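Asks: My structure file start-v9.txt, compact mmCIF, C-alpha atoms (C1' of nucleotides), is below:
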# COMPACT_ATOMS: atom_id res chain seq x y z
CA MET A 282 28.27 23.16 -7.75
CA LYS A 283 31.33 21.04 -8.35
CA ASP A 284 32.11 21.13 -4.63
CA GLN A 285 28.65 19.78 -3.88
CA ILE A 286 29.18 16.95 -6.34
CA LYS A 287 32.60 16.18 -4.95
CA ALA A 288 31.29 16.03 -1.39
CA TYR A 289 28.38 13.84 -2.50
CA PHE A 290 30.49 11.39 -4.51
CA ASN A 291 33.08 11.07 -1.77
CA ARG A 292 30.53 10.21 0.85
CA TYR A 293 30.67 6.43 0.45
CA VAL A 294 33.75 5.91 -1.74
CA LYS A 295 36.87 8.05 -2.00
CA PHE A 296 37.68 9.36 -5.46
CA SER A 297 40.80 11.22 -6.59
CA ASP A 298 40.40 14.73 -7.98
CA ALA A 299 41.21 13.39 -11.43
CA GLU A 300 38.39 10.85 -11.11
CA ILE A 301 35.97 13.51 -9.94
CA ASP A 302 36.98 15.64 -12.94
CA GLU A 303 36.36 12.75 -15.29
CA ILE A 304 32.95 12.04 -13.76
CA PHE A 305 32.02 15.71 -13.67
CA SER A 306 32.89 16.13 -17.34
CA LYS A 307 30.17 13.60 -18.21
CA LEU A 308 27.44 15.36 -16.24
CA THR A 309 25.25 17.75 -18.22
CA PRO A 310 23.70 20.58 -16.19
CA LYS A 311 20.17 21.69 -17.02
CA LEU A 312 17.81 24.14 -15.40
CA PHE A 313 14.13 23.29 -15.17
CA GLN A 314 11.42 25.81 -14.34
CA LYS A 315 8.41 25.03 -12.18
CA LYS A 316 6.07 22.62 -14.00
CA ASP A 317 8.70 21.64 -16.58
CA TYR A 318 8.94 17.92 -17.31
CA ILE A 319 12.25 16.19 -16.72
CA LEU A 320 10.84 12.89 -17.99
CA GLN A 321 7.53 12.22 -19.72
CA GLU A 322 5.47 9.08 -19.32
CA GLY A 323 5.81 6.91 -22.42
CA LYS A 324 9.32 8.09 -23.27
CA ILE A 325 12.31 5.84 -22.71
CA CYS A 326 14.39 7.02 -19.81
CA ASN A 327 18.05 7.03 -20.88
CA SER A 328 19.45 9.06 -18.01
CA LYS A 329 19.75 9.37 -14.29
CA TYR A 330 19.08 12.82 -12.88
CA PHE A 331 20.93 14.28 -9.92
CA ILE A 332 19.12 17.13 -8.19
CA VAL A 333 21.50 19.93 -7.29
CA SER A 334 18.75 22.16 -5.95
CA GLY A 335 14.97 22.35 -6.12
CA LEU A 336 12.17 19.81 -5.80
CA VAL A 337 10.59 17.31 -8.17
CA ARG A 338 7.87 14.71 -8.11
CA SER A 339 7.42 11.34 -9.85
CA PHE A 340 3.86 10.48 -10.75
CA TYR A 341 1.62 8.60 -13.12
CA ILE A 342 -1.98 8.91 -14.23
CA ASP A 343 -4.19 6.08 -13.02
CA ASN A 344 -7.04 4.51 -14.95
CA LYS A 345 -9.49 7.04 -13.52
CA GLY A 346 -7.39 9.93 -14.73
CA ASN A 347 -6.04 10.89 -11.32
CA GLU A 348 -2.41 11.78 -10.74
CA LYS A 349 -0.70 9.41 -8.32
CA ILE A 350 2.52 10.71 -6.82
CA THR A 351 5.00 7.96 -6.05
CA GLN A 352 7.95 10.04 -4.92
CA PHE A 353 9.20 13.49 -4.04
CA ALA A 354 12.90 14.24 -4.39
CA ILE A 355 15.08 17.17 -3.33
CA GLU A 356 18.72 18.24 -3.48
CA ASN A 357 21.32 15.43 -3.48
CA TRP A 358 18.83 12.80 -4.57
CA TRP A 359 18.91 10.82 -7.76
CA VAL A 360 15.73 10.34 -9.75
CA THR A 361 15.01 8.19 -12.75
CA ASN A 362 12.55 5.55 -13.79
CA LEU A 363 14.77 2.58 -13.11
CA GLU A 364 12.67 0.03 -14.96
CA SER A 365 12.68 2.13 -18.13
CA PHE A 366 16.36 2.97 -17.68
CA ILE A 367 17.43 -0.65 -17.29
CA LYS A 368 15.07 -2.37 -19.70
CA LYS A 369 14.66 0.40 -22.28
CA THR A 370 10.89 0.14 -21.94
CA PRO A 371 8.60 3.20 -22.08
CA SER A 372 8.47 4.95 -18.74
CA THR A 373 5.35 4.43 -16.69
CA ILE A 374 5.95 7.63 -14.77
CA SER A 375 6.60 11.30 -15.42
CA ILE A 376 9.08 13.39 -13.48
CA GLN A 377 8.22 17.05 -13.08
CA ALA A 378 9.80 20.04 -11.36
CA LEU A 379 7.65 21.54 -8.61
CA GLU A 380 10.09 24.43 -8.16
CA LYS A 381 12.89 25.89 -10.25
CA THR A 382 15.28 22.93 -10.21
CA GLU A 383 18.94 22.52 -11.18
CA ILE A 384 19.73 19.05 -12.46
CA LEU A 385 22.82 17.17 -13.56
CA ILE A 386 22.08 14.59 -16.21
CA ILE A 387 24.14 11.44 -16.69
CA ASP A 388 23.51 9.48 -19.84
CA LYS A 389 23.20 5.71 -19.56
CA LYS A 390 25.97 4.94 -22.05
CA GLU A 391 28.33 7.44 -20.46
CA LEU A 392 27.63 5.90 -17.08
CA GLU A 393 28.39 2.40 -18.39
CA ARG A 394 31.70 3.68 -19.78
CA LEU A 395 32.52 5.34 -16.47
CA PHE A 396 31.82 2.08 -14.64
CA PHE A 397 34.56 0.46 -16.68
CA SER A 398 37.08 3.26 -16.41
CA ILE A 399 36.39 3.90 -12.71
CA PRO A 400 35.24 0.66 -11.04
CA LYS A 401 34.84 2.43 -7.72
CA LEU A 402 31.91 4.26 -9.28
CA GLU A 403 30.14 0.96 -9.71
CA ARG A 404 30.58 0.48 -5.99
CA LEU A 405 29.05 3.88 -5.28
CA PHE A 406 26.04 3.15 -7.42
CA ARG A 407 25.56 -0.25 -5.84
CA ILE A 408 25.46 1.48 -2.46
CA ILE A 409 23.09 4.21 -3.69
CA THR A 410 20.77 1.58 -5.12
CA GLU A 411 20.83 -0.35 -1.86
CA ASN A 412 19.93 2.80 0.04
CA MET A 413 17.05 3.45 -2.31
CA LEU A 414 15.81 -0.08 -1.79
CA ILE A 415 15.96 0.36 1.97
CA ALA A 416 14.08 3.66 1.74
CA ILE A 417 11.35 2.24 -0.45
CA GLN A 418 10.96 -0.81 1.80
CA ARG A 419 10.71 1.39 4.85
CA LYS A 420 8.04 3.51 3.20
CA ASN A 421 6.06 0.39 2.40
CA ASP A 422 6.34 -0.97 5.90
CA ILE A 423 5.12 2.30 7.36
CA TYR A 424 2.21 2.42 4.95
CA LEU A 425 1.30 -1.15 5.66
CA GLN A 426 1.17 -0.65 9.39
CA MET A 427 -0.31 2.79 9.72
CA LYS A 428 -3.72 4.22 9.09
CA SER A 429 -3.62 7.37 6.97
CA LYS A 430 -3.87 9.68 9.96
CA ASN A 431 -0.61 8.31 11.26
CA ARG A 432 1.01 8.30 7.85
CA TYR A 433 0.32 12.02 7.64
CA ASN A 434 1.73 12.66 11.10
CA ASP A 435 4.77 10.59 10.21
CA LEU A 436 5.34 12.65 7.09
CA VAL A 437 4.94 15.93 8.98
CA LYS A 438 7.48 14.73 11.50
CA HIS A 439 10.11 13.38 9.14
CA PHE A 440 9.71 15.67 6.12
CA PRO A 441 8.30 18.99 7.32
CA ASP A 442 9.90 20.56 4.23
CA PHE A 443 7.58 18.74 1.89
CA ILE A 444 4.49 19.85 3.78
CA GLN A 445 5.49 23.46 3.31
CA ARG A 446 6.81 23.31 -0.22
CA VAL A 447 4.15 21.10 -1.78
CA PRO A 448 0.40 21.75 -2.13
CA GLN A 449 -1.85 19.70 0.11
CA TYR A 450 -3.53 17.78 -2.66
CA MET A 451 -0.15 16.43 -3.75
CA ILE A 452 0.62 15.35 -0.21
CA ALA A 453 -2.72 13.54 -0.25
CA SER A 454 -1.79 11.82 -3.49
CA TYR A 455 1.55 10.73 -2.04
CA LEU A 456 -0.21 9.43 1.09
CA GLU A 457 -2.61 7.51 -1.13
CA ILE A 458 -5.74 9.25 0.07
CA THR A 459 -8.10 11.83 -1.41
CA PRO A 460 -7.52 15.54 -0.73
CA GLU A 461 -10.98 15.69 0.83
CA TYR A 462 -10.14 12.99 3.31
CA LEU A 463 -6.79 14.57 4.18
CA SER A 464 -8.62 17.80 4.88
CA GLU A 465 -10.90 15.85 7.19
CA LEU A 466 -7.93 14.27 8.99
CA ARG A 467 -6.21 17.59 9.54
CA LYS A 468 -9.18 18.92 11.46
CA SER A 469 -8.93 16.36 14.21
CA MET B 229 24.32 -27.40 -7.22
CA LYS B 230 27.53 -25.82 -8.42
CA ASP B 231 26.20 -25.87 -11.97
CA GLN B 232 23.11 -24.00 -10.84
CA ILE B 233 25.29 -21.36 -9.16
CA LYS B 234 27.51 -21.06 -12.17
CA ALA B 235 24.55 -20.54 -14.50
CA TYR B 236 23.04 -18.01 -12.13
CA PHE B 237 26.22 -15.99 -11.64
CA ASN B 238 27.00 -15.93 -15.35
CA ARG B 239 23.60 -14.59 -16.25
CA TYR B 240 24.50 -10.90 -16.15
CA VAL B 241 28.30 -10.95 -15.93
CA LYS B 242 30.73 -13.55 -17.26
CA PHE B 243 33.04 -15.13 -14.70
CA SER B 244 35.95 -17.47 -15.31
CA ASP B 245 35.84 -20.96 -13.79
CA ALA B 246 38.53 -19.88 -11.34
CA GLU B 247 36.40 -16.95 -10.23
CA ILE B 248 33.36 -19.18 -9.83
CA ASP B 249 35.46 -21.55 -7.74
CA GLU B 250 36.61 -18.69 -5.52
CA ILE B 251 33.06 -17.43 -5.05
CA PHE B 252 31.70 -20.91 -4.49
CA SER B 253 34.30 -21.60 -1.80
CA LYS B 254 32.85 -18.72 0.25
CA LEU B 255 29.27 -19.97 0.09
CA THR B 256 28.11 -22.09 3.03
CA PRO B 257 25.32 -24.56 2.25
CA LYS B 258 22.67 -25.17 4.86
CA LEU B 259 19.46 -27.15 4.81
CA PHE B 260 16.35 -25.77 6.52
CA GLN B 261 13.28 -27.80 7.33
CA LYS B 262 9.74 -26.50 7.06
CA LYS B 263 9.09 -23.83 9.76
CA ASP B 264 12.81 -23.39 10.49
CA TYR B 265 13.95 -19.79 10.86
CA ILE B 266 16.66 -18.53 8.55
CA LEU B 267 16.65 -15.13 10.24
CA GLN B 268 14.90 -14.05 13.43
CA GLU B 269 13.43 -10.61 14.05
CA GLY B 270 15.69 -8.68 16.40
CA LYS B 271 18.90 -10.40 15.32
CA ILE B 272 21.43 -8.60 13.18
CA CYS B 273 21.49 -9.94 9.67
CA ASN B 274 25.10 -10.54 8.64
CA SER B 275 24.46 -12.64 5.56
CA LYS B 276 22.71 -12.82 2.25
CA TYR B 277 20.88 -16.06 1.55
CA PHE B 278 20.65 -17.64 -1.87
CA ILE B 279 17.81 -20.10 -2.28
CA VAL B 280 18.91 -23.19 -4.17
CA SER B 281 15.55 -24.92 -3.79
CA GLY B 282 12.46 -24.54 -1.65
CA LEU B 283 10.33 -21.62 -0.57
CA VAL B 284 10.63 -19.01 2.18
CA ARG B 285 8.71 -16.04 3.47
CA SER B 286 9.73 -12.73 5.06
CA PHE B 287 7.35 -11.37 7.66
CA TYR B 288 7.01 -9.29 10.79
CA ILE B 289 4.51 -9.12 13.64
CA ASP B 290 2.45 -5.93 13.65
CA ASN B 291 1.30 -4.04 16.72
CA LYS B 292 -1.88 -6.12 16.89
CA GLY B 293 0.11 -9.33 16.92
CA ASN B 294 -0.70 -10.34 13.36
CA GLU B 295 1.89 -11.72 11.00
CA LYS B 296 2.42 -9.53 7.96
CA ILE B 297 4.14 -11.22 5.04
CA THR B 298 6.21 -8.86 2.96
CA GLN B 299 7.77 -11.30 0.54
CA PHE B 300 7.87 -14.85 -0.74
CA ALA B 301 11.02 -16.15 -2.35
CA ILE B 302 11.86 -19.31 -4.26
CA GLU B 303 14.80 -20.92 -5.99
CA ASN B 304 17.40 -18.57 -7.51
CA TRP B 305 16.30 -15.62 -5.38
CA TRP B 306 18.34 -13.81 -2.79
CA VAL B 307 16.81 -12.95 0.55
CA THR B 308 18.10 -10.86 3.39
CA ASN B 309 16.98 -7.93 5.47
CA LEU B 310 18.93 -5.31 3.58
CA GLU B 311 18.54 -2.56 6.17
CA SER B 312 19.89 -4.77 8.93
CA PHE B 313 22.60 -6.13 6.65
CA ILE B 314 23.85 -2.69 5.61
CA LYS B 315 23.39 -0.75 8.84
CA LYS B 316 23.98 -3.55 11.35
CA THR B 317 20.69 -2.73 13.05
CA PRO B 318 18.37 -5.40 14.49
CA SER B 319 16.26 -6.97 11.80
CA THR B 320 12.63 -5.88 11.67
CA ILE B 321 11.66 -9.07 9.85
CA SER B 322 12.00 -12.79 10.20
CA ILE B 323 12.73 -15.16 7.34
CA GLN B 324 11.26 -18.63 7.60
CA ALA B 325 11.23 -21.73 5.42
CA LEU B 326 7.77 -22.77 4.26
CA GLU B 327 9.13 -25.96 2.71
CA LYS B 328 12.35 -27.91 3.07
CA THR B 329 14.77 -25.35 1.68
CA GLU B 330 18.41 -25.54 0.57
CA ILE B 331 20.26 -22.28 1.11
CA LEU B 332 23.72 -20.94 0.34
CA ILE B 333 24.89 -18.39 2.86
CA ILE B 334 27.33 -15.63 2.05
CA ASP B 335 28.76 -13.73 4.98
CA LYS B 336 28.92 -9.95 4.75
CA LYS B 337 32.65 -9.70 5.36
CA GLU B 338 33.42 -12.45 2.87
CA LEU B 339 31.28 -10.68 0.31
CA GLU B 340 33.12 -7.39 0.87
CA ARG B 341 36.43 -9.22 0.35
CA LEU B 342 35.14 -10.84 -2.81
CA PHE B 343 34.06 -7.43 -4.14
CA PHE B 344 37.68 -6.33 -3.93
CA SER B 345 39.22 -9.48 -5.35
CA ILE B 346 36.59 -9.84 -8.11
CA PRO B 347 35.24 -6.38 -9.05
CA LYS B 348 32.88 -7.93 -11.58
CA LEU B 349 30.98 -9.37 -8.64
CA GLU B 350 30.22 -5.87 -7.47
CA ARG B 351 28.71 -5.30 -10.87
CA LEU B 352 26.54 -8.41 -10.55
CA PHE B 353 25.27 -7.32 -7.16
CA ARG B 354 24.54 -3.82 -8.39
CA ILE B 355 22.43 -5.37 -11.13
CA ILE B 356 20.69 -7.76 -8.75
CA THR B 357 19.90 -4.88 -6.41
CA GLU B 358 18.51 -2.84 -9.29
CA ASN B 359 16.28 -5.73 -10.28
CA MET B 360 15.01 -6.06 -6.75
CA LEU B 361 14.25 -2.36 -6.67
CA ILE B 362 12.33 -2.63 -9.92
CA ALA B 363 10.36 -5.60 -8.58
CA ILE B 364 9.44 -3.89 -5.36
CA GLN B 365 8.42 -0.73 -7.19
CA ARG B 366 6.27 -2.72 -9.56
CA LYS B 367 4.56 -4.47 -6.65
CA ASN B 368 3.84 -1.12 -5.06
CA ASP B 369 2.45 0.35 -8.23
CA ILE B 370 0.16 -2.62 -8.70
CA TYR B 371 -1.02 -2.41 -5.12
CA LEU B 372 -1.62 1.30 -5.41
CA GLN B 373 -3.74 0.97 -8.48
CA MET B 374 -5.65 -2.18 -7.84
CA LYS B 375 -8.38 -3.11 -5.46
CA SER B 376 -7.66 -6.33 -3.61
CA LYS B 377 -9.79 -8.43 -5.95
CA ASN B 378 -7.52 -7.49 -8.82
CA ARG B 379 -4.38 -7.89 -6.77
CA TYR B 380 -5.42 -11.48 -6.11
CA ASN B 381 -6.15 -12.12 -9.76
CA ASP B 382 -2.82 -10.60 -10.67
CA LEU B 383 -1.02 -12.87 -8.24
CA VAL B 384 -2.85 -15.95 -9.52
CA LYS B 385 -1.85 -15.02 -13.04
CA HIS B 386 1.81 -14.20 -12.44
CA PHE B 387 2.68 -16.54 -9.58
CA PRO B 388 0.36 -19.55 -9.75
CA ASP B 389 3.05 -21.51 -7.89
CA PHE B 390 2.61 -19.46 -4.75
CA ILE B 391 -1.11 -20.02 -4.72
CA GLN B 392 -0.60 -23.77 -4.72
CA ARG B 393 2.38 -23.99 -2.40
CA VAL B 394 1.30 -21.49 0.24
CA PRO B 395 -1.77 -21.59 2.53
CA GLN B 396 -4.51 -19.12 1.71
CA TYR B 397 -4.18 -17.13 4.89
CA MET B 398 -0.56 -16.35 4.01
CA ILE B 399 -1.60 -15.22 0.55
CA ALA B 400 -4.12 -12.94 2.26
CA SER B 401 -1.40 -11.53 4.49
CA TYR B 402 0.81 -10.89 1.49
CA LEU B 403 -2.08 -9.17 -0.31
CA GLU B 404 -2.66 -7.05 2.78
CA ILE B 405 -6.18 -8.26 3.44
CA THR B 406 -7.80 -10.54 6.00
CA PRO B 407 -8.22 -14.25 5.23
CA GLU B 408 -11.99 -13.79 5.67
CA TYR B 409 -12.11 -11.10 3.04
CA LEU B 410 -9.98 -13.11 0.62
CA SER B 411 -12.38 -15.97 1.06
CA GLU B 412 -15.20 -13.56 0.19
CA LEU B 413 -13.37 -12.37 -2.92
CA ARG B 414 -12.72 -15.86 -4.17
CA LYS B 415 -16.42 -16.64 -4.22
CA SER B 416 -17.27 -14.00 -6.80
C1' DT C 164 -8.11 46.15 -7.66
C1' DT C 165 -10.78 43.10 -10.06
C1' DT C 166 -11.07 38.73 -12.25
C1' DA C 167 -9.56 34.17 -13.07
C1' DT C 168 -7.31 30.07 -11.54
C1' DT C 169 -5.84 27.09 -8.28
C1' DT C 170 -6.21 25.02 -3.83
C1' DC C 171 -8.78 23.74 0.38
C1' DT C 172 -12.85 22.57 3.08
C1' DT C 173 -17.45 20.69 4.19
C1' DA C 174 -21.06 17.38 4.10
C1' DA C 175 -24.05 13.33 2.63
C1' DG C 176 -24.29 9.05 0.84
C1' DA C 177 -21.76 4.93 -0.96
C1' DT C 178 -18.36 1.08 -0.76
C1' DA C 179 -14.26 -1.64 0.34
C1' DC C 180 -12.58 -3.90 3.85
C1' DC C 181 -12.32 -5.26 8.87
C1' DT C 182 -13.85 -7.52 13.33
C1' DT C 183 -15.74 -11.09 15.74
C1' DA C 184 -17.38 -15.38 16.26
C1' DA C 185 -19.13 -19.55 14.81
C1' DT C 186 -19.08 -23.50 11.69
C1' DC C 187 -17.10 -26.40 8.22
C1' DA C 188 -13.12 -28.83 5.92
C1' DT C 189 -8.67 -30.54 5.81
C1' DT C 190 -4.45 -32.27 7.32
C1' DA C 191 -1.51 -34.23 11.02
C1' DC C 192 -0.95 -37.04 15.21
C1' DT C 193 -1.74 -41.10 18.37
C1' DA D 249 -9.84 -44.87 12.75
C1' DG D 250 -10.39 -41.15 15.99
C1' DT D 251 -8.92 -36.95 17.93
C1' DA D 252 -6.47 -32.73 17.67
C1' DA D 253 -4.67 -29.02 15.16
C1' DT D 254 -4.73 -26.21 11.33
C1' DG D 255 -6.88 -23.88 7.60
C1' DA D 256 -11.13 -22.07 5.07
C1' DT D 257 -15.76 -20.23 4.83
C1' DT D 258 -19.94 -17.63 6.19
C1' DA D 259 -22.51 -13.89 8.10
C1' DA D 260 -23.65 -9.49 10.81
C1' DG D 261 -22.35 -5.24 12.09
C1' DG D 262 -18.75 -1.64 12.14
C1' DT D 263 -15.14 1.65 10.41
C1' DA D 264 -12.00 3.88 7.16
C1' DT D 265 -11.96 5.92 3.16
C1' DC D 266 -14.05 7.39 -1.36
C1' DT D 267 -17.38 9.93 -4.48
C1' DT D 268 -19.71 13.78 -5.76
C1' DA D 269 -20.78 18.30 -5.58
C1' DA D 270 -20.72 22.70 -3.85
C1' DG D 271 -18.77 26.59 -1.71
C1' DA D 272 -14.77 29.12 0.64
C1' DA D 273 -10.08 30.66 0.56
C1' DA D 274 -5.83 31.68 -1.41
C1' DT D 275 -2.90 32.75 -5.09
C1' DA D 276 -1.91 34.38 -9.77
C1' DA D 277 -3.12 37.14 -13.76
C1' DA D 278 -5.02 41.17 -15.96
Just dump the structure as C-alpha cells.
Replies:
Amino acid sequence: MKDQIKAYFNRYVKFSDAEIDEIFSKLTPKLFQKKDYILQEGKICNSKYFIVSGLVRSFYIDNKGNEKITQFAIENWWVTNLESFIKKTPSTISIQALEKTEILIIDKKELERLFFSIPKLERLFRIITENMLIAIQRKNDIYLQMKSKNRYNDLVKHFPDFIQRVPQYMIASYLEITPEYLSELRKS
Amino acid sequence: MKDQIKAYFNRYVKFSDAEIDEIFSKLTPKLFQKKDYILQEGKICNSKYFIVSGLVRSFYIDNKGNEKITQFAIENWWVTNLESFIKKTPSTISIQALEKTEILIIDKKELERLFFSIPKLERLFRIITENMLIAIQRKNDIYLQMKSKNRYNDLVKHFPDFIQRVPQYMIASYLEITPEYLSELRKS
DNA sequence: TTTATTTCTTAAGATACCTTAATCATTACT
DNA sequence: AGTAATGATTAAGGTATCTTAAGAAATAAA
C-alpha cells in the first residue's frame, strides 16, 4: 500500500523518502464494507479520503426523496465534501462504499500542519484540486451538449468499469435520468 | 488599483508589501472594450485574468451553432480556461467582455516563477481553486435539483446584478434554456 | 430449493421544454 | 427623426423525459 501512495504522491511533485514517511504517518487506514458510510449527510466533513481500492459514490436525497448520485470514485481518487471540509458546514452529501473499499483518511488539521512542514504538498494539492475542477467542468460541458442517449454512450465508452460494477439504476441517477428511461434508451 | 489588488491578495494569506510589489510587477493591465475578446476559442490559454472592473462571459458554440454561456464573471474574479491553461490544449471556450473591462493578466510562466519565490502564493491559489470548485459544484447541485423556473428565481435572488447588466437571452443561455421559454417563465 | 429482496423492463398518460416563425419593443446609427 | 439592428414576447405544434404502476428477471437469504 505504501508503494501505491508513494507512486501517487510522486506523480506531480517529487518527495524525498523522509517526506513520504512523514505524510504516510498521518494517514489513517480504514476498511469499509459494501454499503458502509464513509461520510453521512448532515455531518461536518473533517477529512479527505484517499481510495486505495474499491468503489464509492457521493449522493444526496432530493426533495422528492430520490437519491441523486453526483460522483463515483475508484482507486487513486480523493473524495470529500469540499464545501463542508473548507467551511465546516454540515455536508450536503453522503459518501458510501459500493464495494469493500480500503481508504486512507487524512484529517484536516493534520493536513494543514503538513502543508507548513512540507510546502511541496501544498503544490500537489493545488494541482489535484485543479484537475478536479477540470474534470467537473468537462462533465458539465458534456451534459450540457448531449442528450441522455449520448451521455450514456459516452459513459459506456469512457468508464466501462462503472457500467459493470454499478447497478443500472445508479447509473441512471448519475446520468440524471430515471431508471425507466435509461431502460428505454438501452433498447434502441 | 494596487490597493484593490493588495486587499484581494491579503484576504486569505498575508503578504508583505515587498511581496505584493513583486506580484504586482508581474501583472499586466489591459483594458477591453465591450465585445472585445479576452480569449478566443481554439487559442491556447497561457494566462489567468483578474477582473479589476467590468463584466465578462465565458461561452462556446455548440454543434447547432448556438452560443452556450458557461460563466459570468465580475470584479475580483479570476477567469481562464483552466484545462487549456494546465494542459496547453486549444481552448474550448471564448472569454468576452460584456462591458468595458479592466483586466490584470498573469502569464503562466511568471506565475510558476512566483510560486517558487513566494510559496504563500501557491497557498492562495490553492484556496482560490478550492473556492471555484465549491462554486461550480453548488451551481451543478442547484441545476440538478431545480426546474428552470426556480433556477431563474435563484439567480434573480443571488445575482440581481447580472439580471440588470446582461441581456435576457444571455441569462437564458446561462440557465440552459431558450430565450423564448425564459420569456414564458417570466410571465407567470 | 424455495422465498424474499433487489434490480430491470414495459407501457400509457402527463409535463417541461424546444422549434419555428411572426410580431412587438428597444436601442443604436445616419 | 427615421431607419436599421438588436432584443423580447407570443403562440402552435413537437419531442425528450418523467410519473405511475405493474410485472419480469436476477440476486440474496433462508
Asks: Residues of chain D within 10 Å of chain B, using only C-alpha atoms (C1' of nucleotides), as a list in words?
Replies: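 Close to chain B, chain D has DG255, DA256, DT257 and DT258 of chain D.
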Asks: I'd like the interatomic distance between atom C1' of C:DA184 and atom C1' of D:DG262, to a tenth of an Å.
Replies: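 Pair atom C1' of C:DA184 / atom C1' of D:DG262 returns 14.4 Å.
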Asks: Rounded to one decimal place, report the atom CA of B:Ile331-atom CA of B:Ser275 distance in Å.
Replies: 11.4 Å
Asks: Could you list, as a PyMOL selection string, every residue of chain A that has an atom within 7 Å of an atom of chain B, counting all atoms listed in the file?
Replies: chain A and resi 343+363-364+403-404+407+410-411+414-415+426
Asks: Work out how far atom CA of A:Gln352 is from atom CA of A:Pro441, in Å to one decimal.
Replies: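 Value for the atom CA of A:Pro441-atom CA of A:Gln352 distance: 15.2 Å.
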Asks: Could you list, as a count of residues only, every residue within 9 Å of C:DC180, counting all atoms listed in the file and ignoring same-chain residues fewer than 5 positions away?
Replies: 5
Asks: Got a sec: who's within 12 Å of C:DT193, counting all atoms listed in the file, leaving out chain neighbours fewer than 3 positions off, as a PyMOL selection string?
Replies: chain D and resi 249-252
